[in-house]
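**Q** Quick one: this structure, given as structure tokens, is what I'll be asking you about.
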Amino acid sequence: MRIAKSGKELIEICKEEQITLSEYAIRTEMESKEVSRETLMAQMGATLAVMREGATLGREKEVYSLSGLIGGDAYRLQQYLNSGKSLMGNGIIKAMAMAISSSEVNGSMGKIVACPTAGSCGILPAVILTAGEQLGQSDEEMIQGLFAASAIGMIIGMNATFAGAEGGCQAECGSAAAMAAGAVVEMMGGTPEMSLDAAAIIFKNVLGLVCDPVAGLVEIPCAKRNVSGAINALSTADMVMAGVNSKIPFDDALSAMYKVGLGLPEELRETALGGVAITPTGKALKEKVFGKTDN
């Protein structure tokens, strides 16, 4: 199968072959790794299982990062959900709790799936699991969603970056949300073009988002940005399924994200030298974790 090098080519291939994004990803992986469909499905099934564990653990008990900077928020959100008093509804609150649970598990050195990065590990699980539940889908259908996300991820990796150190948080949480939104559109019956429209809208929504980890740790503000990314993905999927498209195509939006990321000053690309990391509170939290330093 021809390998797509852009979103435009990806859509063209899917149209030519009359296949979905997930099927494109599966066929590409089968050919490149010379493995069977059954093997791939089993591997992605194992990935989904780890994602589910990470998205669940922090909701069942309070999980704290080793630094102590974050923890217990997924449990609080789950308790709030159980109270029945939420403004936005059960699905959204559950997605928020799932996203932050994975981030807390990551900070506690638990097992997560760094998809596409550890710092953005809560977005894809929260979105896929929430959408799967809301749509009444099976694990196999959610696995297809993960493959759809990977098809978009391949194009991002070829033409831009997932690294906060290179492109800011727009490249980490932004890419995760773009992959997730596109996956959900497919899970809801949308076309590959609609999935890439969703991904494009995500990038436009987070363009310029900086990476400014307090104390240099992937905890503050990262955990809550996973929540934001998950909600961004779910709301964008609904927007696209309602018939809203992106006036700026995926490839242009991706290119803009990459150029903006490269243009960000060093202080705003994972160095903890700018943004909230150097606020008085940010500095105090760093001192709490590492003790007083010359910096």
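Identifiers in the structure tokens: chain A, B, ... in order shown; residue index from 1 per chain; ligand index from 1 in order shown.
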Might you pull out every residue within 7 Å of stretch 242-257 of chain A, with only C-alpha atoms counted and same-chain residues fewer than 6 positions away left off, and present them as a PyMOL selection string?
**A** chain A and resi 6-7+160+196-197+199-201+203-204+207
**Q** Counting only C-alpha atoms, which residues of stretch 140-245 of chain A fall within 7 Å of stretch 261-264 of chain A, and what is the closest atom pair for each with its distance in Å at one decimal, ordered by chain and rising number, as JSON lines?
**A**
{"residue": "A:Glu166", "atom": "CA", "partner": "A:Leu262", "partner_atom": "CA", "distance": 6.3}
{"residue": "A:Gly167", "atom": "CA", "partner": "A:Gly261", "partner_atom": "CA", "distance": 3.7}
{"residue": "A:Gly168", "atom": "CA", "partner": "A:Gly261", "partner_atom": "CA", "distance": 5.7}
{"residue": "A:Gly208", "atom": "CA", "partner": "A:Gly261", "partner_atom": "CA", "distance": 6.9}
**Q** Measuring between only C-alpha atoms, which one of A:Ala114, A:Lys85, A:Glu186, A:Ala223 shows the shortest distance to A:Gln144?
**A**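 Closest candidate: A:Glu186.
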**Q** Check the smallest atom-to-atom distance from each of A:Ala237, A:Lys259, A:Gly216, A:Ala55 to A:Leu69 using only C-alpha atoms, then report the winner.
**A**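 Of A:Ala237, A:Lys259, A:Gly216, A:Ala55, the one nearest A:Leu69 is A:Gly216, counting only C-alpha atoms.
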**Q** Which residues come within 12 Å of A:Gly164, counting only C-alpha atoms, excluding same-chain residues fewer than 3 positions away, as a ChimeraX atom specification?
**A** /A:116-120,160-161,167-175,208-213,216,218,222,257-258,261-262,264,266-272
**Q** Pull the closest atom pair for each residue of stretch 54-88 of chain A that gets at most 7 Å from stretch 97-105 of chain A, along with the distance in Å to one decimal, counting only C-alpha atoms, ordering rows by chain and then ascending residue number, as a Markdown table.
**A**
| residue | atom | partner | partner_atom | distance |
| --- | --- | --- | --- | --- |
| A:Gly54 | CA | A:Ser102 | CA | 4.7 |
| A:Ala55 | CA | A:Met98 | CA | 4.4 |
| A:Thr56 | CA | A:Met98 | CA | 6.4 |
| A:Leu57 | CA | A:Ser101 | CA | 6.6 |
| A:Gly58 | CA | A:Ser101 | CA | 4.4 |
| A:Arg59 | CA | A:Ser101 | CA | 6.3 |
| A:Val63 | CA | A:Glu104 | CA | 6.1 |
| A:Tyr64 | CA | A:Glu104 | CA | 6.2 |
| A:Ser65 | CA | A:Glu104 | CA | 6.0 |
| A:Ile70 | CA | A:Glu104 | CA | 6.8 |
| A:Gly71 | CA | A:Glu104 | CA | 5.9 |
| A:Ala74 | CA | A:Ala97 | CA | 4.6 |
| A:Leu77 | CA | A:Ala97 | CA | 5.4 |
| A:Gln78 | CA | A:Ala97 | CA | 6.1 |
**Q** Selected residues, C-alpha atoms, written as a CSV table (one decimal), in the first residue's frame, please.
**A**
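This is the output file selection34.csv:
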chain,number,residue,atom,x,y,z
A,54,GLY,CA,-4.5,4.2,33.9
A,55,ALA,CA,-7.8,6.0,33.3
A,56,THR,CA,-9.4,4.0,36.1
A,57,LEU,CA,-6.9,3.8,39.0
A,58,GLY,CA,-7.0,7.5,39.9
A,59,ARG,CA,-10.8,7.5,40.0
A,63,VAL,CA,-3.1,8.7,43.4
A,64,TYR,CA,-0.3,11.2,44.1
A,65,SER,CA,2.8,11.9,42.0
A,70,ILE,CA,-0.4,16.6,41.9
A,71,GLY,CA,-2.8,13.9,43.1
A,74,ALA,CA,-9.3,12.3,39.5
A,77,LEU,CA,-13.9,14.4,40.0
A,78,GLN,CA,-15.3,10.9,40.2
**Q** So which one's closest to A:Glu17, A:Gln43, A:Glu29, A:Ser36, A:Met1? Using only C-alpha atoms, please.
**A**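 For A:Glu17, the nearest of the given residues is A:Met1.
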**Q** Calculate how many Å separate atom CA of A:Ile93 from atom CA of A:Leu234, rounding to one decimal.
**A**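 About the pair atom CA of A:Ile93 and atom CA of A:Leu234: they are 11.8 Å apart.
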**Q** Which of stretch 176-256 of chain A counts as helix (DSSP H, G or I) under DSSP, as JSON, numbers by chain please?
**A** {"A": [176, 177, 178, 179, 180, 181, 182, 183, 184, 185, 186, 187, 192, 193, 194, 195, 196, 197, 198, 199, 200, 201, 202, 203, 204, 205, 206, 214, 215, 216, 222, 223, 224, 225, 226, 227, 228, 229, 230, 231, 232, 233, 234, 235, 236, 237, 238, 239, 240, 241, 250, 251, 252, 253, 254, 255, 256]}
**Q** How many Å lie between atom CA of A:Arg37 and atom CA of A:Tyr24, rounded to one decimal?
**A**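 According to the coordinates, atom CA of A:Arg37 and atom CA of A:Tyr24 are separated by 12.1 Å.
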